[in-house]
$ cat model_5.pdb   # PDB, C-alpha atoms
MODEL        1
ATOM      1  CA  MET A   1     -17.425  -1.095   9.693
ATOM      2  CA  MET A   2     -13.990  -2.593   9.404
ATOM      3  CA  ALA A   3     -13.728  -6.336   8.916
ATOM      4  CA  ASP A   4     -11.886  -8.042  11.754
ATOM      5  CA  ARG A   5     -10.546 -10.677   9.425
ATOM      6  CA  GLY A   6      -7.972  -8.457   7.824
ATOM      7  CA  ILE A   7      -7.700  -6.739   4.482
ATOM      8  CA  ASN A   8      -6.343  -7.259   0.992
ATOM      9  CA  LEU A   9      -3.602  -4.656   0.774
ATOM     10  CA  VAL A  10      -3.624  -4.192  -2.999
ATOM     11  CA  ARG A  11      -7.364  -4.292  -3.599
ATOM     12  CA  ASP A  12      -8.489  -2.465  -0.476
ATOM     13  CA  LEU A  13      -5.673  -0.013   0.332
ATOM     14  CA  LEU A  14      -3.412   0.809  -2.592
ATOM     15  CA  ASP A  15      -4.646   3.922  -4.451
ATOM     16  CA  ALA A  16      -7.738   4.168  -2.250
ATOM     17  CA  GLN A  17      -9.114   7.627  -1.476
ATOM     18  CA  LEU A  18      -8.632   8.785   2.106
ATOM     19  CA  LEU A  19     -11.492  10.657   3.775
ATOM     20  CA  ASP A  20     -11.737  12.214   7.194
ATOM     21  CA  GLY A  21     -14.815  12.052   9.424
ATOM     22  CA  ASP A  22     -16.358  14.982   7.504
ATOM     23  CA  GLU A  23     -15.795  13.161   4.193
ATOM     24  CA  ARG A  24     -13.104  15.647   3.217
ATOM     25  CA  ARG A  25     -10.664  14.181   0.688
ATOM     26  CA  LEU A  26      -7.135  13.886   2.064
ATOM     27  CA  GLY A  27      -5.315  12.197  -0.818
ATOM     28  CA  ARG A  28      -4.765   8.641  -1.892
ATOM     29  CA  VAL A  29      -2.718   5.804  -0.445
ATOM     30  CA  ASP A  30       0.342   5.905  -2.675
ATOM     31  CA  ASP A  31       2.101   2.938  -1.123
ATOM     32  CA  VAL A  32       2.095   0.683   1.912
ATOM     33  CA  LEU A  33       5.138   0.010   4.075
ATOM     34  CA  LEU A  34       5.795  -3.493   5.356
ATOM     35  CA  GLU A  35       8.168  -4.013   8.241
ATOM     36  CA  ILE A  36      10.171  -7.202   7.828
ATOM     37  CA  ARG A  37      10.880  -8.898  11.140
ATOM     38  CA  ASP A  38      13.031 -11.947  11.726
ATOM     39  CA  GLY A  39      10.931 -15.011  12.534
ATOM     40  CA  ARG A  40       7.653 -13.060  12.623
ATOM     41  CA  PRO A  41       5.141 -12.075   9.938
ATOM     42  CA  PRO A  42       5.790  -8.760   8.189
ATOM     43  CA  ARG A  43       3.878  -5.996   9.933
ATOM     44  CA  VAL A  44       1.970  -3.351   7.991
ATOM     45  CA  ALA A  45       3.898  -0.360   9.303
ATOM     46  CA  ALA A  46       2.085   2.494   7.546
ATOM     47  CA  MET A  47       0.233   3.820   4.541
ATOM     48  CA  GLU A  48       2.317   6.388   2.729
ATOM     49  CA  VAL A  49       0.782   9.429   1.042
ATOM     50  CA  GLY A  50       2.742  11.851  -1.104
ATOM     51  CA  ALA A  51       3.704  12.832  -4.622
ATOM     52  CA  ALA A  52       7.277  11.609  -4.184
ATOM     53  CA  THR A  53       6.021   8.162  -3.148
ATOM     54  CA  LEU A  54       3.743   7.986  -6.176
ATOM     55  CA  ALA A  55       6.583   9.081  -8.455
ATOM     56  CA  ARG A  56       8.842   6.436  -6.917
ATOM     57  CA  ARG A  57       6.207   3.798  -7.628
ATOM     58  CA  ILE A  58       6.098   4.799 -11.286
ATOM     59  CA  ASN A  59       9.864   4.804 -11.519
ATOM     60  CA  PRO A  60      12.494   4.933  -8.733
ATOM     61  CA  THR A  61      14.602   7.427 -10.706
ATOM     62  CA  LEU A  62      11.569   9.663 -11.196
ATOM     63  CA  GLY A  63      10.918   9.417  -7.446
ATOM     64  CA  ARG A  64      14.447  10.588  -6.635
ATOM     65  CA  TRP A  65      14.148  13.390  -9.206
ATOM     66  CA  VAL A  66      10.830  14.606  -7.775
ATOM     67  CA  ARG A  67      12.266  14.556  -4.245
ATOM     68  CA  ARG A  68      15.355  16.537  -5.274
ATOM     69  CA  ALA A  69      13.324  18.990  -7.376
ATOM     70  CA  ALA A  70      10.912  19.568  -4.501
ATOM     71  CA  ILE A  71      13.741  20.241  -2.046
ATOM     72  CA  ARG A  72      15.400  22.632  -4.489
ATOM     73  CA  TRP A  73      12.497  24.570  -5.965
ATOM     74  CA  LEU A  74       9.279  24.018  -4.051
ATOM     75  CA  PRO A  75       8.687  26.194  -0.989
ATOM     76  CA  VAL A  76       6.517  23.454   0.500
ATOM     77  CA  SER A  77       7.761  20.053   1.622
ATOM     78  CA  LEU A  78       6.798  16.988  -0.427
ATOM     79  CA  ARG A  79       7.955  14.618   2.298
ATOM     80  CA  PRO A  80       5.466  11.725   2.322
ATOM     81  CA  ALA A  81       3.103  11.372   5.266
ATOM     82  CA  ARG A  82       2.976   8.001   6.974
ATOM     83  CA  LEU A  83      -0.294   6.911   8.542
ATOM     84  CA  PRO A  84      -0.507   3.790  10.707
ATOM     85  CA  LEU A  85      -3.321   1.352   9.948
ATOM     86  CA  THR A  86      -4.688   1.965  13.414
ATOM     87  CA  THR A  87      -6.065   5.250  11.987
ATOM     88  CA  LEU A  88      -8.424   3.305   9.694
ATOM     89  CA  ARG A  89     -12.065   3.583  10.684
ATOM     90  CA  ALA A  90     -13.829   2.101   7.667
ATOM     91  CA  VAL A  91     -12.633   0.220   4.602
ATOM     92  CA  GLY A  92     -14.799   0.387   1.513
ATOM     93  CA  VAL A  93     -14.533   2.066  -1.861
ATOM     94  CA  ASP A  94     -12.899   4.886   0.108
ATOM     95  CA  LEU A  95     -10.977   4.690   3.364
ATOM     96  CA  GLU A  96     -12.221   6.654   6.322
ATOM     97  CA  ILE A  97      -9.424   7.597   8.696
ATOM     98  CA  ASP A  98      -9.319   9.210  12.084
ATOM     99  CA  ILE A  99      -6.394  11.625  12.343
ATOM    100  CA  ASP A 100      -5.679  14.812  14.243
ATOM    101  CA  GLU A 101      -5.730  18.305  12.737
ATOM    102  CA  ALA A 102      -1.929  18.554  12.549
ATOM    103  CA  THR A 103      -1.742  15.406  10.393
ATOM    104  CA  LYS A 104      -4.577  16.709   8.199
ATOM    105  CA  ARG A 105      -2.635  19.928   7.678
ATOM    106  CA  ARG A 106       0.438  17.881   6.725
ATOM    107  CA  LEU A 107      -1.570  15.855   4.195
ATOM    108  CA  LEU A 108      -3.075  18.987   2.660
ATOM    109  CA  ARG A 109      -0.024  21.295   2.838
ATOM    110  CA  VAL A 110       0.476  21.443  -0.954
ATOM    111  CA  GLU A 111      -3.215  22.233  -1.480
ATOM    112  CA  ALA A 112      -3.039  24.879   1.250
ATOM    113  CA  TRP A 113       0.043  26.429  -0.350
ATOM    114  CA  LEU A 114      -1.620  26.451  -3.801
ATOM    115  CA  ARG A 115      -4.736  28.059  -2.300
ATOM    116  CA  ARG A 116      -2.678  30.724  -0.537
ATOM    117  CA  ARG A 117      -0.177  31.496  -3.305
ATOM    118  CA  VAL A 118      -1.983  30.677  -6.535
ATOM    119  CA  VAL A 119      -5.768  30.721  -6.121
ATOM    120  CA  ARG A 120      -6.147  33.663  -3.724
ATOM    121  CA  PRO A 121      -4.178  36.152  -5.850
ATOM    122  CA  LEU A 122      -6.373  35.374  -8.871
ATOM    123  CA  PRO A 123      -9.270  37.718  -9.567
ATOM    124  CA  GLY A 124     -12.236  36.292  -7.674
ATOM    125  CA  GLY A 125      -9.965  33.794  -5.951
ATOM    126  CA  LYS A 126     -11.023  34.793  -2.451
ATOM    127  CA  GLU A 127     -14.706  34.464  -3.297
ATOM    128  CA  ASN A 128     -14.164  30.989  -4.748
ATOM    129  CA  GLU A 129     -12.608  29.636  -1.568
ATOM    130  CA  ALA A 130     -14.634  26.938   0.134
TER     131      ALA A 130
ATOM    132  CA  MET B   1      21.579  -9.223  19.747
ATOM    133  CA  THR B   2      18.810  -6.949  18.480
ATOM    134  CA  ALA B   3      16.321  -8.205  15.894
ATOM    135  CA  ARG B   4      16.831  -6.839  12.389
ATOM    136  CA  ARG B   5      14.057  -4.591  11.121
ATOM    137  CA  ARG B   6      13.622  -3.432   7.580
ATOM    138  CA  LEU B   7      10.945  -1.582   5.652
ATOM    139  CA  VAL B   8       9.779  -2.748   2.243
ATOM    140  CA  TYR B   9       7.292  -1.016  -0.043
ATOM    141  CA  LEU B  10       4.250  -3.077  -1.053
ATOM    142  CA  ALA B  11       4.511  -1.810  -4.640
ATOM    143  CA  ASP B  12       8.010  -3.306  -4.844
ATOM    144  CA  VAL B  13       6.628  -6.736  -3.964
ATOM    145  CA  VAL B  14       3.403  -6.834  -5.971
ATOM    146  CA  GLY B  15       3.761  -8.125  -9.515
ATOM    147  CA  ARG B  16       7.126  -9.746  -8.812
ATOM    148  CA  ARG B  17       7.763 -13.309  -9.937
ATOM    149  CA  VAL B  18       8.305 -15.704  -7.051
ATOM    150  CA  ARG B  19      11.011 -18.249  -7.728
ATOM    151  CA  THR B  20      12.009 -21.464  -6.054
ATOM    152  CA  ALA B  21      15.546 -21.956  -4.763
ATOM    153  CA  ASP B  22      16.444 -23.634  -8.077
ATOM    154  CA  GLY B  23      15.117 -20.685 -10.106
ATOM    155  CA  ARG B  24      11.750 -22.072 -11.199
ATOM    156  CA  VAL B  25       9.009 -19.442 -11.488
ATOM    157  CA  VAL B  26       5.976 -20.193  -9.317
ATOM    158  CA  GLY B  27       3.855 -17.152 -10.175
ATOM    159  CA  ARG B  28       3.541 -13.457  -9.553
ATOM    160  CA  ILE B  29       2.493 -11.983  -6.225
ATOM    161  CA  GLU B  30      -0.832 -10.324  -7.008
ATOM    162  CA  GLU B  31      -2.291  -9.778  -3.578
ATOM    163  CA  VAL B  32      -1.150  -9.597   0.040
ATOM    164  CA  ARG B  33      -3.684 -10.548   2.673
ATOM    165  CA  THR B  34      -3.323  -9.375   6.254
ATOM    166  CA  ALA B  35      -4.677 -10.564   9.569
ATOM    167  CA  ARG B  36      -5.702  -8.118  12.242
ATOM    168  CA  ARG B  37      -4.217  -8.696  15.671
ATOM    169  CA  ALA B  38      -5.867  -7.922  18.996
ATOM    170  CA  ASN B  39      -3.790  -4.757  19.375
ATOM    171  CA  GLY B  40      -5.232  -3.422  16.096
ATOM    172  CA  GLU B  41      -2.084  -3.992  14.072
ATOM    173  CA  HIS B  42      -2.137  -5.790  10.759
ATOM    174  CA  GLU B  43       0.347  -8.507   9.889
ATOM    175  CA  VAL B  44       0.845 -10.232   6.563
ATOM    176  CA  ALA B  45      -0.958 -13.570   6.683
ATOM    177  CA  GLU B  46      -0.651 -14.806   3.120
ATOM    178  CA  TYR B  47       0.422 -13.970  -0.400
ATOM    179  CA  HIS B  48      -1.851 -14.758  -3.347
ATOM    180  CA  LEU B  49      -0.163 -15.813  -6.573
ATOM    181  CA  GLY B  50      -1.284 -16.520 -10.117
ATOM    182  CA  SER B  51      -4.013 -15.440 -12.511
ATOM    183  CA  GLY B  52      -6.795 -16.276 -10.049
ATOM    184  CA  ALA B  53      -5.218 -13.878  -7.567
ATOM    185  CA  LEU B  54      -5.079 -11.176 -10.235
ATOM    186  CA  LEU B  55      -8.817 -11.613 -10.839
ATOM    187  CA  GLU B  56      -9.406 -11.409  -7.096
ATOM    188  CA  ARG B  57      -7.355  -8.207  -6.960
ATOM    189  CA  LEU B  58      -9.339  -6.701  -9.825
ATOM    190  CA  ALA B  59     -12.561  -7.907  -8.155
ATOM    191  CA  VAL B  60     -13.699  -9.658 -11.333
ATOM    192  CA  VAL B  61     -16.944 -11.522 -10.775
ATOM    193  CA  ARG B  62     -16.367 -15.247 -10.824
ATOM    194  CA  SER B  63     -19.244 -16.081 -13.141
ATOM    195  CA  LEU B  64     -17.893 -13.806 -15.889
ATOM    196  CA  VAL B  65     -14.713 -15.765 -16.394
ATOM    197  CA  THR B  66     -13.612 -19.340 -16.310
ATOM    198  CA  PRO B  67     -12.230 -20.308 -12.900
ATOM    199  CA  LYS B  68      -8.540 -19.515 -12.590
ATOM    200  CA  ARG B  69      -5.981 -21.128 -10.361
ATOM    201  CA  MET B  70      -4.671 -19.248  -7.390
ATOM    202  CA  LEU B  71      -1.785 -20.283  -5.186
ATOM    203  CA  ILE B  72      -1.852 -19.146  -1.588
ATOM    204  CA  ALA B  73       1.415 -18.940   0.309
ATOM    205  CA  ARG B  74       1.654 -18.378   4.047
ATOM    206  CA  TRP B  75       3.763 -15.413   5.151
ATOM    207  CA  ASP B  76       6.657 -17.721   6.020
ATOM    208  CA  GLN B  77       6.597 -19.527   2.661
ATOM    209  CA  ILE B  78       7.857 -16.512   0.718
ATOM    210  CA  ASP B  79      10.925 -14.499   1.643
ATOM    211  CA  ILE B  80      10.454 -10.842   0.612
ATOM    212  CA  ARG B  81      13.601  -9.469   2.214
ATOM    213  CA  ARG B  82      14.776  -8.852  -1.352
ATOM    214  CA  PRO B  83      11.502  -7.520  -2.778
ATOM    215  CA  GLU B  84      12.824  -7.484  -6.343
ATOM    216  CA  ALA B  85      13.379 -11.245  -6.157
ATOM    217  CA  PRO B  86      10.919 -12.955  -3.789
ATOM    218  CA  LEU B  87      11.992 -16.470  -2.923
ATOM    219  CA  LEU B  88       9.825 -19.481  -2.159
ATOM    220  CA  THR B  89      11.085 -21.092   1.026
ATOM    221  CA  CYS B  90       9.134 -24.348   0.696
ATOM    222  CA  ALA B  91       8.177 -26.869  -1.969
ATOM    223  CA  VAL B  92       5.589 -25.719  -4.526
ATOM    224  CA  GLU B  93       3.388 -28.665  -3.490
ATOM    225  CA  GLU B  94       3.077 -27.188   0.001
ATOM    226  CA  LEU B  95       1.273 -24.095  -1.306
ATOM    227  CA  ARG B  96      -2.493 -24.059  -0.934
ATOM    228  CA  ARG B  97      -4.469 -24.084  -4.172
ATOM    229  CA  ALA B  98      -7.731 -22.297  -4.665
ATOM    230  CA  SER B  99      -9.810 -21.505  -7.716
ATOM    231  CA  ARG B 100     -11.359 -18.176  -8.483
TER     232      ARG B 100
ENDMDL
END
$ encode --input "model_5.pdb" --output "structure tokens"
Amino acid sequence: MMADRGINLVRDLLDAQLLDGDERRLGRVDDVLLEIRDGRPPRVAAMEVGAATLARRINPTLGRWVRRAAIRWLPVSLRPARLPLTTLRAVGVDLEIDIDEATKRRLLRVEAWLRRRVVRPLPGGKENEA
Amino acid sequence: MTARRRLVYLADVVGRRVRTADGRVVGRIEEVRTARRANGEHEVAEYHLGSGALLERLAVVRSLVTPKRMLIARWDQIDIRRPEAPLLTCAVEELRRASR
């Protein structure tokens, strides 16, 4: 159950594991976007999930490099996914979110690509698929 | 005139030293607390500064350590429009003190 009193963004959200309703892992919250508004409190605009966001957090130059490298060499987009906090269903050790199938596919596109292009061609790869 | 909107990453704010207008360091932002509005959106309610806030962020049990000071600033008491250099917009004495 989500507390109505609000949340601690660093302790409760940052780096927390995202799960869907079936407890399938969808990645971690790599950063949180705050919208600055004149004369009003900053609004939590979205949780951002993606390798480029994580790389940017480690080092902005590394983030730019990862983004450019992904555009140039990776056949799958590394564009970060943004999830509004209204998708949160439960806040605990992990975060349970309620998102549609299209968003799930976006969050898991790198894993799907790896499964299709790397795991499946391996001997026994098809049998090992979940 | 339209209101200015700008996006800032939380990771750019957390760990930054907050300074007063005359350059004095007040403490580092260790935690950002939100309040949930009726429409389900979350807005920043307060910033937690200091070693006590770091312990809160790491969820260290109070009895294991000596109580540490924590400064709590309302959302309007810290300007994060330049996240690399957060600025205190009030006197240090106006910040709420709590121990952890």
$ closest_residue --input "model_5.pdb" --among "A:Val76, A:Ala16, A:Asp22, A:Asn59" --to "Met47 of chain A" --atoms "all atoms listed in the file"
A:Ala16
$ resolve_selection --input "model_5.pdb" --expression "the ChimeraX specification (/B :<6) & /A" --output "ChimeraX atom specification"
/A:5-11,32-37,41-44
$ resolve_selection --input "model_5.pdb" --expression "the PyMOL selection byres ((chain A and resi 81) around 6)" --output "PyMOL selection string"
chain A and resi 48-49+80+82
$ write_last_selection --input "model_5.pdb" --atoms "C-alpha atoms" --output "compact mmCIF listing (two decimals), in the coordinates of the input"
# COMPACT_ATOMS: atom_id res chain seq x y z
CA GLU A 48 2.32 6.39 2.73
CA VAL A 49 0.78 9.43 1.04
CA PRO A 80 5.47 11.72 2.32
CA ARG A 82 2.98 8.00 6.97
$ atom_distance --input "model_5.pdb" --atom1 "atom CA of Arg19 of chain B" --atom2 "atom CA of Glu93 of chain B"
13.6 Å
$ residues_around --input "model_5.pdb" --residues "Leu88 of chain B" --least-positions-apart "5" --cutoff "8 Å" --atoms "all atoms listed in the file" --output "PyMOL selection string"
chain B and resi 18-21+77-79
$ decode --input "model_5.pdb" --residues "chain B" --atoms "C-alpha atoms" --output "PDB file, in the first residue's frame"
ATOM      1  CA  MET B   1       3.551  35.559 -20.284  1.00  0.00           C
ATOM      2  CA  THR B   2       3.907  31.789 -19.967  1.00  0.00           C
ATOM      3  CA  ALA B   3       5.410  30.254 -16.830  1.00  0.00           C
ATOM      4  CA  ARG B   4       8.944  28.927 -17.234  1.00  0.00           C
ATOM      5  CA  ARG B   5       9.297  25.169 -16.895  1.00  0.00           C
ATOM      6  CA  ARG B   6      12.530  23.295 -16.560  1.00  0.00           C
ATOM      7  CA  LEU B   7      13.515  19.721 -15.808  1.00  0.00           C
ATOM      8  CA  VAL B   8      16.248  18.889 -13.323  1.00  0.00           C
ATOM      9  CA  TYR B   9      17.629  15.449 -12.503  1.00  0.00           C
ATOM     10  CA  LEU B  10      17.421  14.406  -8.844  1.00  0.00           C
ATOM     11  CA  ALA B  11      20.941  12.948  -9.001  1.00  0.00           C
ATOM     12  CA  ASP B  12      22.256  16.395  -9.954  1.00  0.00           C
ATOM     13  CA  VAL B  13      20.775  17.870  -6.779  1.00  0.00           C
ATOM     14  CA  VAL B  14      21.543  15.175  -4.214  1.00  0.00           C
ATOM     15  CA  GLY B  15      24.921  15.486  -2.526  1.00  0.00           C
ATOM     16  CA  ARG B  16      25.333  19.124  -3.544  1.00  0.00           C
ATOM     17  CA  ARG B  17      26.419  21.681  -0.966  1.00  0.00           C
ATOM     18  CA  VAL B  18      23.773  24.302  -0.266  1.00  0.00           C
ATOM     19  CA  ARG B  19      25.204  27.769   0.174  1.00  0.00           C
ATOM     20  CA  THR B  20      23.808  30.986   1.530  1.00  0.00           C
ATOM     21  CA  ALA B  21      23.787  34.133  -0.593  1.00  0.00           C
ATOM     22  CA  ASP B  22      27.115  35.138   0.995  1.00  0.00           C
ATOM     23  CA  GLY B  23      28.716  31.783   0.132  1.00  0.00           C
ATOM     24  CA  ARG B  24      28.511  30.043   3.506  1.00  0.00           C
ATOM     25  CA  VAL B  25      27.978  26.277   3.279  1.00  0.00           C
ATOM     26  CA  VAL B  26      24.861  25.092   5.110  1.00  0.00           C
ATOM     27  CA  GLY B  27      25.097  21.369   4.349  1.00  0.00           C
ATOM     28  CA  ARG B  28      24.600  18.843   1.610  1.00  0.00           C
ATOM     29  CA  ILE B  29      21.197  17.869   0.261  1.00  0.00           C
ATOM     30  CA  GLU B  30      20.876  14.215   1.248  1.00  0.00           C
ATOM     31  CA  GLU B  31      17.188  13.583   0.818  1.00  0.00           C
ATOM     32  CA  VAL B  32      14.197  15.095  -0.970  1.00  0.00           C
ATOM     33  CA  ARG B  33      10.807  14.503   0.584  1.00  0.00           C
ATOM     34  CA  THR B  34       7.635  14.793  -1.461  1.00  0.00           C
ATOM     35  CA  ALA B  35       4.000  15.356  -0.627  1.00  0.00           C
ATOM     36  CA  ARG B  36       1.269  13.608  -2.543  1.00  0.00           C
ATOM     37  CA  ARG B  37      -1.465  15.825  -3.921  1.00  0.00           C
ATOM     38  CA  ALA B  38      -5.110  14.882  -4.378  1.00  0.00           C
ATOM     39  CA  ASN B  39      -4.584  14.363  -8.110  1.00  0.00           C
ATOM     40  CA  GLY B  40      -1.935  11.709  -7.365  1.00  0.00           C
ATOM     41  CA  GLU B  41       1.014  13.883  -8.315  1.00  0.00           C
ATOM     42  CA  HIS B  42       4.008  14.287  -6.059  1.00  0.00           C
ATOM     43  CA  GLU B  43       5.534  17.665  -5.304  1.00  0.00           C
ATOM     44  CA  VAL B  44       8.733  18.412  -3.435  1.00  0.00           C
ATOM     45  CA  ALA B  45       7.825  19.355   0.128  1.00  0.00           C
ATOM     46  CA  GLU B  46      11.206  19.589   1.810  1.00  0.00           C
ATOM     47  CA  TYR B  47      14.919  19.011   1.465  1.00  0.00           C
ATOM     48  CA  HIS B  48      16.859  17.241   4.217  1.00  0.00           C
ATOM     49  CA  LEU B  49      20.409  18.420   4.835  1.00  0.00           C
ATOM     50  CA  GLY B  50      23.309  17.287   6.984  1.00  0.00           C
ATOM     51  CA  SER B  51      24.672  14.080   8.469  1.00  0.00           C
ATOM     52  CA  GLY B  52      21.365  13.195  10.133  1.00  0.00           C
ATOM     53  CA  ALA B  53      19.706  13.298   6.722  1.00  0.00           C
ATOM     54  CA  LEU B  54      22.398  11.011   5.321  1.00  0.00           C
ATOM     55  CA  LEU B  55      21.656   8.488   8.081  1.00  0.00           C
ATOM     56  CA  GLU B  56      17.954   8.775   7.294  1.00  0.00           C
ATOM     57  CA  ARG B  57      18.700   8.157   3.614  1.00  0.00           C
ATOM     58  CA  LEU B  58      20.784   5.097   4.451  1.00  0.00           C
ATOM     59  CA  ALA B  59      18.047   3.963   6.870  1.00  0.00           C
ATOM     60  CA  VAL B  60      20.544   3.590   9.714  1.00  0.00           C
ATOM     61  CA  VAL B  61      18.807   2.624  12.935  1.00  0.00           C
ATOM     62  CA  ARG B  62      18.855   5.488  15.386  1.00  0.00           C
ATOM     63  CA  SER B  63      19.994   3.458  18.373  1.00  0.00           C
ATOM     64  CA  LEU B  64      23.156   2.302  16.576  1.00  0.00           C
ATOM     65  CA  VAL B  65      24.619   5.759  16.244  1.00  0.00           C
ATOM     66  CA  THR B  66      24.730   8.929  18.229  1.00  0.00           C
ATOM     67  CA  PRO B  67      21.957  11.327  17.211  1.00  0.00           C
ATOM     68  CA  LYS B  68      22.977  13.515  14.292  1.00  0.00           C
ATOM     69  CA  ARG B  69      21.681  16.915  13.354  1.00  0.00           C
ATOM     70  CA  MET B  70      19.444  17.279  10.363  1.00  0.00           C
ATOM     71  CA  LEU B  71      18.315  20.526   8.800  1.00  0.00           C
ATOM     72  CA  ILE B  72      14.978  20.536   7.037  1.00  0.00           C
ATOM     73  CA  ALA B  73      14.334  23.166   4.394  1.00  0.00           C
ATOM     74  CA  ARG B  74      10.941  23.809   2.838  1.00  0.00           C
ATOM     75  CA  TRP B  75      10.787  23.608  -0.956  1.00  0.00           C
ATOM     76  CA  ASP B  76      10.845  27.400  -1.216  1.00  0.00           C
ATOM     77  CA  GLN B  77      13.879  27.795   1.061  1.00  0.00           C
ATOM     78  CA  ILE B  78      16.293  26.266  -1.447  1.00  0.00           C
ATOM     79  CA  ASP B  79      16.586  27.340  -5.063  1.00  0.00           C
ATOM     80  CA  ILE B  80      17.583  24.354  -7.242  1.00  0.00           C
ATOM     81  CA  ARG B  81      17.235  26.060 -10.607  1.00  0.00           C
ATOM     82  CA  ARG B  82      21.015  25.690 -10.838  1.00  0.00           C
ATOM     83  CA  PRO B  83      21.297  22.145  -9.468  1.00  0.00           C
ATOM     84  CA  GLU B  84      25.096  22.264  -9.354  1.00  0.00           C
ATOM     85  CA  ALA B  85      24.914  25.190  -6.925  1.00  0.00           C
ATOM     86  CA  PRO B  86      21.758  25.092  -4.778  1.00  0.00           C
ATOM     87  CA  LEU B  87      21.129  28.378  -3.027  1.00  0.00           C
ATOM     88  CA  LEU B  88      19.510  28.989   0.341  1.00  0.00           C
ATOM     89  CA  THR B  89      16.871  31.673  -0.062  1.00  0.00           C
ATOM     90  CA  CYS B  90      16.339  32.354   3.649  1.00  0.00           C
ATOM     91  CA  ALA B  91      18.377  32.734   6.824  1.00  0.00           C
ATOM     92  CA  VAL B  92      19.945  29.546   8.213  1.00  0.00           C
ATOM     93  CA  GLU B  93      18.061  30.150  11.482  1.00  0.00           C
ATOM     94  CA  GLU B  94      14.759  29.738   9.641  1.00  0.00           C
ATOM     95  CA  LEU B  95      15.527  26.108   8.768  1.00  0.00           C
ATOM     96  CA  ARG B  96      13.887  23.472  10.931  1.00  0.00           C
ATOM     97  CA  ARG B  97      16.242  21.344  13.008  1.00  0.00           C
ATOM     98  CA  ALA B  98      15.677  17.718  13.783  1.00  0.00           C
ATOM     99  CA  SER B  99      17.864  15.018  15.262  1.00  0.00           C
ATOM    100  CA  ARG B 100      18.227  11.537  13.915  1.00  0.00           C
TER     101      ARG B 100
END
